[in-house]
file coords.txt (compact mmCIF, C-alpha atoms)
# COMPACT_ATOMS: atom_id res chain seq x y z
CA MET X 1 248.06 266.70 31.57
CA GLY X 2 245.58 266.15 34.34
CA CYS X 3 247.75 264.50 36.95
CA GLY X 4 244.99 265.14 39.49
CA GLN X 5 242.96 262.09 38.56
CA ASN X 6 244.59 259.68 40.99
CA MET X 7 244.78 262.01 43.96
CA THR X 8 242.99 261.59 47.25
CA LEU X 9 240.87 264.49 48.48
CA VAL X 10 243.56 265.48 50.99
CA GLN X 11 246.25 265.60 48.29
CA PHE X 12 243.93 267.47 45.95
CA SER X 13 243.01 270.03 48.62
CA LEU X 14 246.67 270.64 49.50
CA ALA X 15 247.66 271.06 45.84
CA THR X 16 244.68 273.32 45.13
CA GLY X 17 245.27 275.31 48.33
CA ALA X 18 248.92 275.84 47.37
CA ALA X 19 247.90 277.00 43.89
CA GLY X 20 245.41 279.36 45.56
CA VAL X 21 248.11 280.83 47.82
CA ALA X 22 250.37 281.43 44.81
CA ALA X 23 247.51 282.95 42.79
CA GLY X 24 246.39 285.22 45.62
CA PHE X 25 249.95 286.29 46.44
CA LEU X 26 250.96 287.07 42.86
CA GLY X 27 247.57 288.63 42.16
CA ALA X 28 247.90 291.04 45.07
CA LEU X 29 251.47 291.98 44.11
CA SER X 30 250.93 292.38 40.38
CA GLY X 31 247.46 293.89 40.33
CA LEU X 32 246.30 291.18 37.96
CA GLY X 33 243.44 289.33 39.60
CA GLY X 34 244.02 285.86 40.97
CA GLY X 35 241.05 284.60 38.95
CA VAL X 36 243.01 284.39 35.72
CA VAL X 37 245.40 281.90 37.35
CA ILE X 38 242.95 279.59 39.13
CA VAL X 39 241.19 278.31 36.02
CA PRO X 40 244.31 277.30 34.02
CA VAL X 41 245.97 275.75 37.10
CA LEU X 42 242.88 273.72 37.98
CA THR X 43 242.16 272.55 34.45
CA LEU X 44 245.69 272.12 33.04
CA LEU X 45 247.59 270.91 36.12
CA LEU X 46 244.94 269.22 38.24
CA GLY X 47 242.62 267.92 35.54
CA VAL X 48 239.51 269.59 36.97
CA ASP X 49 236.51 270.00 34.68
CA LEU X 50 236.35 273.50 33.17
CA HIS X 51 232.88 274.23 34.60
CA TYR X 52 233.99 273.37 38.14
CA ALA X 53 237.15 275.41 37.63
CA ILE X 54 235.32 278.60 36.65
CA GLY X 55 232.93 278.05 39.58
CA ALA X 56 235.85 277.81 42.04
CA SER X 57 237.53 280.79 40.42
CA LEU X 58 234.45 282.97 40.83
CA ILE X 59 234.40 282.10 44.54
CA ALA X 60 238.06 283.16 44.81
CA VAL X 61 237.21 286.42 43.04
CA LEU X 62 234.37 287.08 45.51
CA ALA X 63 236.64 286.46 48.50
CA THR X 64 239.50 288.69 47.35
CA SER X 65 237.17 291.52 46.34
CA SER X 66 235.26 291.59 49.62
CA GLY X 67 238.50 291.28 51.59
CA ALA X 68 240.25 294.10 49.77
CA ALA X 69 237.21 296.38 49.43
CA ALA X 70 237.09 296.73 53.21
CA ALA X 71 240.53 298.31 53.14
CA TYR X 72 240.02 300.56 50.13
CA VAL X 73 236.73 302.29 51.03
CA ARG X 74 238.45 303.73 54.06
CA GLU X 75 241.22 305.29 52.01
CA GLY X 76 238.75 307.55 50.22
CA PHE X 77 239.57 306.46 46.68
CA THR X 78 236.51 304.35 45.98
CA HIS X 79 233.66 306.23 44.29
CA ILE X 80 230.55 304.47 45.57
CA ARG X 81 228.17 306.27 43.15
CA MET X 82 230.38 305.49 40.17
CA ALA X 83 230.53 301.87 41.32
CA MET X 84 226.76 301.58 41.75
CA PHE X 85 225.98 303.23 38.40
CA LEU X 86 228.41 300.99 36.53
CA GLU X 87 227.29 297.89 38.45
CA ILE X 88 223.98 298.11 36.57
CA ALA X 89 226.06 297.37 33.46
CA THR X 90 228.37 294.75 34.96
CA THR X 91 225.65 292.74 36.74
CA LEU X 92 223.48 292.68 33.59
CA GLY X 93 226.52 291.49 31.65
CA ALA X 94 227.46 288.94 34.30
CA VAL X 95 224.02 287.32 34.44
CA THR X 96 224.00 287.07 30.64
CA GLY X 97 227.56 285.72 30.51
CA ALA X 98 226.89 283.17 33.24
CA ALA X 99 223.76 281.95 31.45
CA LEU X 100 225.81 281.54 28.24
CA VAL X 101 228.21 279.07 29.93
CA ALA X 102 225.55 276.37 29.62
CA VAL X 103 225.13 276.81 25.86
CA ILE X 104 228.72 277.49 24.74
CA SER X 105 230.91 274.44 24.02
CA LYS X 106 233.84 273.78 26.36
CA ASN X 107 236.32 274.26 23.56
CA ALA X 108 234.90 277.61 22.59
CA LEU X 109 234.96 278.60 26.27
CA SER X 110 238.62 277.56 26.55
CA LEU X 111 239.45 279.55 23.44
CA ILE X 112 237.76 282.68 24.78
CA PHE X 113 239.57 282.18 28.07
CA ALA X 114 242.90 281.79 26.28
CA GLY X 115 242.22 285.00 24.36
CA VAL X 116 241.47 286.92 27.57
CA LEU X 117 244.62 285.54 29.26
CA ILE X 118 246.78 286.54 26.32
CA TYR X 119 245.17 289.98 26.19
CA ALA X 120 245.64 290.53 29.94
CA ALA X 121 249.25 289.36 29.72
CA LEU X 122 250.12 291.63 26.81
CA ASN X 123 248.31 294.50 28.51
CA SER X 124 250.50 294.11 31.58
CA LEU X 125 253.70 293.61 29.57
CA VAL X 126 253.33 296.43 27.05
CA LYS X 127 253.36 299.95 28.42
CA THR X 128 250.58 301.89 26.73
CA GLY X 129 250.59 305.64 26.21
CA GLU X 130 248.70 308.25 28.18
CA PRO X 131 244.91 308.04 27.84
CA THR X 132 243.31 310.62 25.59
CA PRO X 133 240.31 311.81 27.58
CA GLY X 134 237.33 313.25 25.75
CA LYS X 135 235.03 316.01 26.94
CA ILE X 136 233.52 315.85 30.39
CA SER X 137 230.23 314.08 29.95
CA PRO X 138 227.00 315.99 30.67
CA TRP X 139 225.97 312.83 32.55
CA ALA X 140 228.88 313.25 34.95
CA GLN X 141 227.29 316.21 36.70
CA ARG X 142 223.72 314.96 36.48
CA LEU X 143 224.61 311.58 37.99
CA GLY X 144 227.24 312.85 40.40
CA LEU X 145 230.02 310.96 38.65
CA GLU X 146 232.64 313.37 39.87
CA GLY X 147 234.63 313.81 43.00
CA SER X 148 238.05 314.33 44.42
CA TYR X 149 240.68 312.10 45.85
CA PRO X 150 243.40 312.68 48.43
CA VAL X 151 246.81 313.67 47.08
CA PRO X 152 249.79 314.99 49.00
CA GLY X 153 248.88 318.60 49.69
CA GLY X 154 245.11 318.49 49.21
CA GLU X 155 242.33 317.08 47.10
CA GLN X 156 242.46 316.49 43.35
CA PRO X 157 239.06 316.93 41.64
CA TYR X 158 237.98 314.76 38.73
CA ALA X 159 234.87 314.06 36.61
CA ALA X 160 233.84 311.22 34.32
CA ARG X 161 234.10 311.51 30.53
CA ALA X 162 232.55 309.29 27.86
CA VAL X 163 229.95 307.84 30.25
CA THR X 164 228.03 305.92 27.57
CA GLY X 165 231.21 304.36 26.19
CA GLY X 166 232.39 303.38 29.66
CA PHE X 167 228.97 301.95 30.52
CA SER X 168 228.91 299.80 27.35
CA LEU X 169 232.42 298.51 28.00
CA MET X 170 231.26 297.57 31.52
CA VAL X 171 228.48 295.37 30.08
CA PHE X 172 231.21 293.55 28.15
CA ALA X 173 233.49 293.32 31.23
CA GLY X 174 230.58 291.88 33.24
CA ALA X 175 229.76 289.36 30.51
CA LEU X 176 233.37 288.10 30.49
CA ALA X 177 233.33 287.86 34.30
CA GLY X 178 230.14 285.78 34.21
CA LEU X 179 231.31 283.66 31.30
CA LEU X 180 234.78 282.83 32.62
CA GLY X 181 234.49 283.14 36.40
CA ILE X 182 237.05 285.93 36.53
CA GLY X 183 236.97 289.40 38.09
CA SER X 184 237.77 291.02 34.73
CA GLY X 185 239.28 293.87 36.70
CA ALA X 186 241.62 294.63 33.80
CA PHE X 187 238.63 295.47 31.59
CA LYS X 188 236.90 297.46 34.33
CA VAL X 189 240.03 299.53 34.88
CA LEU X 190 240.31 299.92 31.11
CA ALA X 191 236.78 301.33 30.97
CA MET X 192 237.30 303.77 33.84
CA ASP X 193 240.93 304.73 33.38
CA ARG X 194 241.18 304.84 29.57
CA VAL X 195 237.62 305.53 28.38
CA MET X 196 236.12 307.55 31.22
CA GLY X 197 239.37 309.34 32.02
CA LEU X 198 239.27 308.71 35.77
CA PRO X 199 242.43 308.82 37.90
CA PHE X 200 244.19 305.44 37.97
CA LYS X 201 243.90 305.01 41.75
CA VAL X 202 240.18 305.77 41.66
CA SER X 203 239.75 303.33 38.74
CA THR X 204 241.56 300.42 40.37
CA THR X 205 239.95 300.74 43.79
CA THR X 206 236.45 301.36 42.40
CA SER X 207 236.94 298.43 40.01
CA ASN X 208 237.93 296.18 42.89
CA PHE X 209 234.89 297.35 44.84
CA MET X 210 232.64 296.47 41.87
CA ILE X 211 234.18 293.06 41.21
CA GLY X 212 232.45 291.45 44.20
CA VAL X 213 228.96 292.58 43.18
CA THR X 214 229.60 291.51 39.57
CA ALA X 215 230.86 288.11 40.77
CA ALA X 216 227.80 287.67 43.01
CA ALA X 217 225.56 288.27 39.99
CA GLY X 218 227.39 285.50 38.14
CA ALA X 219 227.50 283.23 41.21
CA GLY X 220 223.71 283.13 41.47
CA VAL X 221 223.46 281.55 38.04
CA TYR X 222 226.50 279.31 38.71
CA LEU X 223 224.88 277.96 41.89
CA HIS X 224 221.77 276.96 40.00
CA GLU X 225 223.75 275.37 37.17
CA GLY X 226 225.89 273.40 39.65
CA TYR X 227 229.27 274.87 38.64
CA ILE X 228 230.18 275.67 42.24
CA HIS X 229 231.51 272.55 43.95
CA PRO X 230 232.10 273.16 47.67
CA GLN X 231 234.95 270.61 47.88
CA ILE X 232 236.93 272.49 45.21
CA ALA X 233 235.90 275.97 46.34
CA MET X 234 237.08 275.32 49.92
CA PRO X 235 240.86 275.00 49.33
CA VAL X 236 240.79 277.62 46.55
CA LEU X 237 239.06 280.17 48.77
CA LEU X 238 241.29 279.58 51.79
CA GLY X 239 244.46 279.54 49.69
CA VAL X 240 243.65 282.70 47.77
CA LEU X 241 242.67 284.60 50.92
CA ALA X 242 245.90 283.60 52.67
CA GLY X 243 247.98 284.44 49.60
CA ALA X 244 246.28 287.80 49.00
CA THR X 245 246.66 288.83 52.65
CA LEU X 246 250.33 287.88 52.53
CA GLY X 247 250.76 289.67 49.20
CA ALA X 248 249.15 292.88 50.49
CA ARG X 249 251.53 292.83 53.51
CA VAL X 250 254.57 292.38 51.31
CA LEU X 251 253.33 295.04 48.89
CA LEU X 252 253.36 297.63 51.66
CA ARG X 253 257.04 297.00 52.25
CA LEU X 254 258.51 296.44 48.79
CA HIS X 255 258.27 297.88 45.37
CA VAL X 256 258.31 294.94 43.03
CA ARG X 257 258.53 296.35 39.53
CA TRP X 258 259.91 293.16 38.04
CA LEU X 259 257.02 291.10 39.36
CA ARG X 260 254.39 292.46 36.99
CA PRO X 261 256.28 291.48 33.81
CA ILE X 262 257.12 288.06 35.27
CA PHE X 263 253.52 287.47 36.20
CA GLY X 264 252.46 288.77 32.79
CA LEU X 265 254.72 286.22 31.12
CA LEU X 266 253.31 283.45 33.33
CA VAL X 267 249.76 284.40 32.34
CA LEU X 268 250.83 284.55 28.68
CA VAL X 269 252.26 281.02 28.87
CA MET X 270 249.06 279.75 30.48
CA GLY X 271 246.99 281.50 27.83
CA LEU X 272 248.98 279.85 25.04
CA GLU X 273 248.76 276.50 26.85
CA MET X 274 244.96 276.79 27.04
CA LEU X 275 244.87 277.82 23.39
CA PHE X 276 246.81 274.72 22.32
CA GLU X 277 244.77 272.42 24.56
CA ALA X 278 241.51 273.70 23.11
CA TRP X 279 242.57 274.07 19.47
CA PRO X 280 242.82 270.49 18.14
CA GLY X 281 239.41 269.61 19.56
CA GLY X 282 237.86 272.19 17.25
CA MET X 283 234.83 274.24 18.16
CA MET U 1 226.41 319.41 54.48
CA THR U 2 228.76 318.36 57.27
CA ARG U 3 226.10 316.13 58.77
CA ARG U 4 225.44 314.56 55.39
CA VAL U 5 229.10 313.85 54.90
CA SER U 6 229.50 312.34 58.36
CA SER U 7 226.52 310.03 57.91
CA THR U 8 227.90 309.02 54.50
CA LEU U 9 231.22 308.18 56.11
CA ARG U 10 229.44 306.20 58.80
CA VAL U 11 227.65 304.04 56.25
CA GLU U 12 230.84 303.61 54.21
CA HIS U 13 232.71 302.48 57.30
CA ALA U 14 229.85 300.14 58.12
CA ILE U 15 230.14 298.67 54.62
CA GLY U 16 233.89 298.18 55.08
CA ARG U 17 233.43 296.51 58.46
CA LEU U 18 230.64 294.28 57.15
CA LEU U 19 232.80 293.06 54.26
CA ARG U 20 235.81 292.39 56.44
CA ALA U 21 233.84 290.59 59.16
CA GLY U 22 231.85 288.65 56.58
CA VAL U 23 234.93 287.41 54.73
CA LEU U 24 236.58 286.38 58.00
CA LEU U 25 233.43 284.57 59.14
CA SER U 26 233.05 282.80 55.80
CA ALA U 27 236.73 281.78 55.83
CA ALA U 28 236.43 280.50 59.40
CA VAL U 29 233.35 278.42 58.49
CA MET U 30 235.11 277.09 55.37
CA LEU U 31 238.29 276.26 57.32
CA SER U 32 236.51 274.37 60.09
CA GLY U 33 234.20 272.65 57.60
CA GLY U 34 237.19 271.81 55.41
CA ILE U 35 239.21 270.27 58.23
CA TRP U 36 236.16 268.29 59.37
CA PHE U 37 235.41 267.18 55.82
CA LEU U 38 238.99 266.08 55.07
CA ALA U 39 239.30 264.33 58.42
CA THR U 40 236.31 262.16 57.56
CA HIS U 41 236.52 261.91 53.72
CA GLY U 42 240.15 262.84 53.00
CA GLY U 43 241.17 259.38 51.81
CA HIS U 44 238.53 259.25 49.08
CA PRO U 45 239.71 259.83 45.52
CA ALA U 46 239.29 263.34 44.10
CA ALA U 47 236.91 262.97 41.17
CA PHE U 48 236.43 266.36 39.58
CA SER U 49 237.45 265.64 36.00
CA GLN U 50 233.87 264.98 34.90
CA PHE U 51 231.20 267.61 35.41
CA ALA U 52 228.32 266.19 37.43
CA GLY U 53 226.95 269.40 38.82
CA GLN U 54 224.33 269.28 41.47
CA PRO U 55 222.28 272.40 40.89
CA PHE U 56 221.71 274.34 44.06
CA ARG U 57 218.15 275.34 44.85
CA TRP U 58 217.10 277.60 47.69
CA ASN U 59 214.49 275.07 48.74
CA ARG U 60 217.47 272.87 49.68
CA LEU U 61 218.25 275.29 52.51
CA PRO U 62 216.07 273.54 55.15
CA GLU U 63 217.60 270.22 54.06
CA LEU U 64 221.08 271.76 54.33
CA ILE U 65 220.39 272.94 57.88
CA ALA U 66 219.06 269.50 58.76
CA GLN U 67 222.25 267.95 57.36
CA LEU U 68 224.32 270.44 59.32
CA VAL U 69 222.59 269.44 62.54
CA ALA U 70 223.01 265.77 61.60
CA GLY U 71 226.77 266.32 61.27
CA ASN U 72 227.31 266.49 57.50
CA SER U 73 230.57 268.36 56.98
CA GLU U 74 229.80 269.29 53.37
CA ALA U 75 226.78 271.24 54.61
CA VAL U 76 229.22 273.43 56.58
CA LEU U 77 231.10 274.19 53.34
CA TRP U 78 227.82 275.18 51.67
CA ILE U 79 226.99 277.57 54.52
CA GLY U 80 230.42 279.20 54.16
CA LEU U 81 229.91 279.61 50.40
CA LEU U 82 226.42 281.08 50.74
CA LEU U 83 227.71 283.54 53.35
CA LEU U 84 230.40 284.71 50.94
CA ILE U 85 228.00 285.06 48.01
CA GLY U 86 225.54 286.97 50.20
CA LEU U 87 228.10 289.62 51.23
CA PRO U 88 228.00 291.78 48.08
CA VAL U 89 224.20 291.61 48.18
CA MET U 90 224.26 292.98 51.72
CA ARG U 91 226.77 295.59 50.56
CA VAL U 92 224.33 296.80 47.91
CA GLY U 93 221.56 296.76 50.52
CA LEU U 94 223.62 299.00 52.83
CA SER U 95 224.34 301.38 49.94
CA LEU U 96 220.56 301.69 49.51
CA ILE U 97 220.33 302.98 53.09
CA LEU U 98 223.13 305.42 52.30
CA PHE U 99 221.34 306.89 49.28
CA VAL U 100 217.98 307.06 51.06
CA GLN U 101 219.68 308.97 53.90
CA GLU U 102 221.06 311.42 51.37
CA ARG U 103 217.70 311.63 49.56
CA ASP U 104 219.52 310.89 46.32
CA TRP U 105 216.57 309.33 44.55
CA ILE U 106 218.32 308.62 41.24
CA TYR U 107 220.80 306.46 43.12
CA VAL U 108 218.05 304.85 45.17
CA VAL U 109 216.58 303.71 41.83
CA PHE U 110 220.00 302.62 40.48
CA THR U 111 220.67 300.62 43.65
CA LEU U 112 217.24 298.98 43.45
CA VAL U 113 217.99 297.99 39.83
CA VAL U 114 221.30 296.38 40.85
CA LEU U 115 219.61 294.68 43.80
CA SER U 116 216.87 293.27 41.54
CA ILE U 117 219.44 291.91 39.06
CA LEU U 118 221.29 290.23 41.95
CA LEU U 119 218.11 288.72 43.38
CA PHE U 120 217.02 287.64 39.90
CA SER U 121 220.34 285.83 39.47
CA LEU U 122 220.25 284.27 42.94
CA SER U 123 216.71 283.07 42.36
CA GLY U 124 218.06 280.98 39.49
CA GLY U 125 217.99 283.47 36.66
CA ARG U 126 214.33 283.02 35.99
CA PHE U 127 211.22 284.79 37.16
CA PHE U 128 208.95 282.94 39.55
call {"tool": "encode", "arguments": {"input": "coords.txt", "output": "structure tokens"}}
result
Amino acid sequence: MGCGQNMTLVQFSLATGAAGVAAGFLGALSGLGGGVVIVPVLTLLLGVDLHYAIGASLIAVLATSSGAAAAYVREGFTHIRMAMFLEIATTLGAVTGAALVAVISKNALSLIFAGVLIYAALNSLVKTGEPTPGKISPWAQRLGLEGSYPVPGGEQPYAARAVTGGFSLMVFAGALAGLLGIGSGAFKVLAMDRVMGLPFKVSTTTSNFMIGVTAAAGAGVYLHEGYIHPQIAMPVLLGVLAGATLGARVLLRLHVRWLRPIFGLLVLVMGLEMLFEAWPGGM
Amino acid sequence: MTRRVSSTLRVEHAIGRLLRAGVLLSAAVMLSGGIWFLATHGGHPAAFSQFAGQPFRWNRLPELIAQLVAGNSEAVLWIGLLLLIGLPVMRVGLSLILFVQERDWIYVVFTLVVLSILLFSLSGGRFF
């Protein structure tokens, strides 16, 4: 692989921009973040160094999160207190994860990435059962981790359960985000939806709101390590933004049930591809 | 209570507007910088297969602005990137105002913790 070696900067930017549009578009339609696509496309198809690829991916994550967050806060689903409380966990995790990039071998990094891709793919392909919420946490009331969200015909109240478990899982989600340059929205939703028993809409929008702050915590370290290359970040950022905007428009008009499994399969293939690329090199 | 809610909504709307405007501004800077950069360097080979990272330091900022004035297109791309990275930090800063307005001191502390972690990371992940 790595057909990007003999490209000019114009060709590279066009190819990367196109990949960004596809990633942003599919990401917005499927709910899987675009970040999981950018890294495999850059490394496997365009021969970009893994460190540059995760740097560019984190920039794409930042752009999509800030762009989408503006829309969601207005809808009244995002829980700003929940987000801020859990951001303590995700930013701590992200700074740690980002610092680990420098000490972990590229092969090990690729293997972890492959594992996360395969997990995310299976998670989107396999329908899991209803969450089994525990008791409402005493922390929920003390920290104001409760609220209500608009439903047809009024407001539906909710409160957080298993706050410590959710918080710990958020440290892990943040560490993966910092380590791999992804939004790790799937893990954030997992923590809020499954563990803390929050309504799915509240989980996804609050997760998206948090992703930007988590990514910024990782980006600080990335900047100082030199992983963020402006020439790669430019086409990725513009492509992803255009694709995500387009995807959000289309999403309003269609219900694309078949898209999530197709995208899941695509991510699965990329995960396996990364696994095979990294495996023979050993750790 | 009603006043509290309305001021909360105001800050939340301000956060939404800030994020939207900031992303658009950053994208506009990146687009113009990108076109300028490719117009002048587009024929050069893309060489990203080997990591040769140039660590960014904040003390490069004056140099970056000097390069910008001198017509270095890559400096424009850097400005666009820094704008984008700064947005969530400003978002957390605005939330701080929100919680101070509501006199919710636990959340003022939480927000300060998040803000310190962000500034710690942006300062290079090490204490001065």
call {"tool": "closest_atom_pairs", "arguments": {"input": "coords.txt", "of": "chain X", "to": "chain U", "cutoff": "7 Å", "atoms": "all atoms listed in the file", "output": "JSON lines"}}
result
{"residue": "X:Gln5", "atom": "CA", "partner": "U:Ala47", "partner_atom": "CA", "distance": 6.6}
{"residue": "X:Asn6", "atom": "CA", "partner": "U:Pro45", "partner_atom": "CA", "distance": 6.7}
{"residue": "X:Met7", "atom": "CA", "partner": "U:Ala46", "partner_atom": "CA", "distance": 5.7}
{"residue": "X:Thr8", "atom": "CA", "partner": "U:Pro45", "partner_atom": "CA", "distance": 4.1}
{"residue": "X:Leu9", "atom": "CA", "partner": "U:Ala46", "partner_atom": "CA", "distance": 4.8}
{"residue": "X:Val10", "atom": "CA", "partner": "U:Gly42", "partner_atom": "CA", "distance": 4.8}
{"residue": "X:Phe12", "atom": "CA", "partner": "U:Ala46", "partner_atom": "CA", "distance": 6.5}
{"residue": "X:Gly47", "atom": "CA", "partner": "U:Ser49", "partner_atom": "CA", "distance": 5.7}
{"residue": "X:Val48", "atom": "CA", "partner": "U:Ser49", "partner_atom": "CA", "distance": 4.6}
{"residue": "X:Asp49", "atom": "CA", "partner": "U:Ser49", "partner_atom": "CA", "distance": 4.7}
{"residue": "X:His51", "atom": "CA", "partner": "U:Phe51", "partner_atom": "CA", "distance": 6.9}
{"residue": "X:Tyr52", "atom": "CA", "partner": "U:Phe51", "partner_atom": "CA", "distance": 7.0}
{"residue": "X:Ala63", "atom": "CA", "partner": "U:Val23", "partner_atom": "CA", "distance": 6.5}
{"residue": "X:Ser66", "atom": "CA", "partner": "U:Leu19", "partner_atom": "CA", "distance": 5.5}
{"residue": "X:Gly67", "atom": "CA", "partner": "U:Arg20", "partner_atom": "CA", "distance": 5.7}
{"residue": "X:Ala69", "atom": "CA", "partner": "U:Gly16", "partner_atom": "CA", "distance": 6.8}
{"residue": "X:Ala70", "atom": "CA", "partner": "U:Gly16", "partner_atom": "CA", "distance": 4.0}
{"residue": "X:Ala71", "atom": "CA", "partner": "U:Gly16", "partner_atom": "CA", "distance": 6.9}
{"residue": "X:Val73", "atom": "CA", "partner": "U:Gly16", "partner_atom": "CA", "distance": 6.4}
{"residue": "X:Arg74", "atom": "CA", "partner": "U:His13", "partner_atom": "CA", "distance": 6.7}
{"residue": "X:Met84", "atom": "CA", "partner": "U:Thr111", "partner_atom": "CA", "distance": 6.5}
{"residue": "X:Phe85", "atom": "CA", "partner": "U:Phe110", "partner_atom": "CA", "distance": 6.4}
{"residue": "X:Glu87", "atom": "CA", "partner": "U:Val114", "partner_atom": "CA", "distance": 6.6}
{"residue": "X:Ile88", "atom": "CA", "partner": "U:Val114", "partner_atom": "CA", "distance": 5.3}
{"residue": "X:Thr91", "atom": "CA", "partner": "U:Ile117", "partner_atom": "CA", "distance": 6.7}
{"residue": "X:Leu92", "atom": "CA", "partner": "U:Ile117", "partner_atom": "CA", "distance": 6.8}
{"residue": "X:Val95", "atom": "CA", "partner": "U:Ser121", "partner_atom": "CA", "distance": 6.4}
{"residue": "X:Gly212", "atom": "CA", "partner": "U:Pro88", "partner_atom": "CA", "distance": 5.9}
{"residue": "X:Val213", "atom": "CA", "partner": "U:Pro88", "partner_atom": "CA", "distance": 5.1}
{"residue": "X:Ala216", "atom": "CA", "partner": "U:Ile85", "partner_atom": "CA", "distance": 5.6}
{"residue": "X:Ala217", "atom": "CA", "partner": "U:Leu118", "partner_atom": "CA", "distance": 5.1}
{"residue": "X:Gly220", "atom": "CA", "partner": "U:Leu122", "partner_atom": "CA", "distance": 3.9}
{"residue": "X:Val221", "atom": "CA", "partner": "U:Ser121", "partner_atom": "CA", "distance": 5.5}
{"residue": "X:Leu223", "atom": "CA", "partner": "U:Phe56", "partner_atom": "CA", "distance": 5.3}
{"residue": "X:His224", "atom": "CA", "partner": "U:Pro55", "partner_atom": "CA", "distance": 4.7}
{"residue": "X:Glu225", "atom": "CA", "partner": "U:Pro55", "partner_atom": "CA", "distance": 5.0}
{"residue": "X:Gly226", "atom": "CA", "partner": "U:Pro55", "partner_atom": "CA", "distance": 3.9}
{"residue": "X:Tyr227", "atom": "CA", "partner": "U:Gly53", "partner_atom": "CA", "distance": 5.9}
{"residue": "X:Pro230", "atom": "CA", "partner": "U:Leu77", "partner_atom": "CA", "distance": 5.8}
{"residue": "X:Met234", "atom": "CA", "partner": "U:Met30", "partner_atom": "CA", "distance": 6.1}
{"residue": "X:Leu238", "atom": "CA", "partner": "U:Ala27", "partner_atom": "CA", "distance": 6.5}
call {"tool": "write_last_selection", "arguments": {"input": "coords.txt", "atoms": "C-alpha atoms", "output": "PDB file, keeping the file's coordinate frame"}}
result
ATOM      1  CA  GLN X   5     242.960 262.090  38.560  1.00  0.00           C
ATOM      2  CA  ASN X   6     244.590 259.680  40.990  1.00  0.00           C
ATOM      3  CA  MET X   7     244.780 262.010  43.960  1.00  0.00           C
ATOM      4  CA  THR X   8     242.990 261.590  47.250  1.00  0.00           C
ATOM      5  CA  LEU X   9     240.870 264.490  48.480  1.00  0.00           C
ATOM      6  CA  VAL X  10     243.560 265.480  50.990  1.00  0.00           C
ATOM      7  CA  PHE X  12     243.930 267.470  45.950  1.00  0.00           C
ATOM      8  CA  GLY X  47     242.620 267.920  35.540  1.00  0.00           C
ATOM      9  CA  VAL X  48     239.510 269.590  36.970  1.00  0.00           C
ATOM     10  CA  ASP X  49     236.510 270.000  34.680  1.00  0.00           C
ATOM     11  CA  HIS X  51     232.880 274.230  34.600  1.00  0.00           C
ATOM     12  CA  TYR X  52     233.990 273.370  38.140  1.00  0.00           C
ATOM     13  CA  ALA X  63     236.640 286.460  48.500  1.00  0.00           C
ATOM     14  CA  SER X  66     235.260 291.590  49.620  1.00  0.00           C
ATOM     15  CA  GLY X  67     238.500 291.280  51.590  1.00  0.00           C
ATOM     16  CA  ALA X  69     237.210 296.380  49.430  1.00  0.00           C
ATOM     17  CA  ALA X  70     237.090 296.730  53.210  1.00  0.00           C
ATOM     18  CA  ALA X  71     240.530 298.310  53.140  1.00  0.00           C
ATOM     19  CA  VAL X  73     236.730 302.290  51.030  1.00  0.00           C
ATOM     20  CA  ARG X  74     238.450 303.730  54.060  1.00  0.00           C
ATOM     21  CA  MET X  84     226.760 301.580  41.750  1.00  0.00           C
ATOM     22  CA  PHE X  85     225.980 303.230  38.400  1.00  0.00           C
ATOM     23  CA  GLU X  87     227.290 297.890  38.450  1.00  0.00           C
ATOM     24  CA  ILE X  88     223.980 298.110  36.570  1.00  0.00           C
ATOM     25  CA  THR X  91     225.650 292.740  36.740  1.00  0.00           C
ATOM     26  CA  LEU X  92     223.480 292.680  33.590  1.00  0.00           C
ATOM     27  CA  VAL X  95     224.020 287.320  34.440  1.00  0.00           C
ATOM     28  CA  GLY X 212     232.450 291.450  44.200  1.00  0.00           C
ATOM     29  CA  VAL X 213     228.960 292.580  43.180  1.00  0.00           C
ATOM     30  CA  ALA X 216     227.800 287.670  43.010  1.00  0.00           C
ATOM     31  CA  ALA X 217     225.560 288.270  39.990  1.00  0.00           C
ATOM     32  CA  GLY X 220     223.710 283.130  41.470  1.00  0.00           C
ATOM     33  CA  VAL X 221     223.460 281.550  38.040  1.00  0.00           C
ATOM     34  CA  LEU X 223     224.880 277.960  41.890  1.00  0.00           C
ATOM     35  CA  HIS X 224     221.770 276.960  40.000  1.00  0.00           C
ATOM     36  CA  GLU X 225     223.750 275.370  37.170  1.00  0.00           C
ATOM     37  CA  GLY X 226     225.890 273.400  39.650  1.00  0.00           C
ATOM     38  CA  TYR X 227     229.270 274.870  38.640  1.00  0.00           C
ATOM     39  CA  PRO X 230     232.100 273.160  47.670  1.00  0.00           C
ATOM     40  CA  MET X 234     237.080 275.320  49.920  1.00  0.00           C
ATOM     41  CA  LEU X 238     241.290 279.580  51.790  1.00  0.00           C
TER      42      LEU X 238
END
call {"tool": "atom_distance", "arguments": {"input": "coords.txt", "atom1": "atom CA of X:Leu46", "atom2": "atom CA of X:Leu241"}}
result
20.1 Å
call {"tool": "atom_distance", "arguments": {"input": "coords.txt", "atom1": "atom CA of X:Leu143", "atom2": "atom CA of X:Lys188"}}
result
19.1 Å
call {"tool": "residues_near_point", "arguments": {"input": "coords.txt", "point": "(225.7, 311.8, 33.3)", "cutoff": "12 Å", "atoms": "all atoms listed in the file", "output": "ChimeraX atom specification"}}
result
/X:81-82,85-86,136-146,159-167,196 /U:106
call {"tool": "atom_distance", "arguments": {"input": "coords.txt", "atom1": "atom CA of X:Val269", "atom2": "atom CA of X:Ile38"}}
result
13.9 Å
call {"tool": "closest_residue", "arguments": {"input": "coords.txt", "among": "X:Glu155, X:Ser110, X:Ala68, X:Gly35", "to": "X:Thr204", "atoms": "only C-alpha atoms"}}
result
X:Ala68
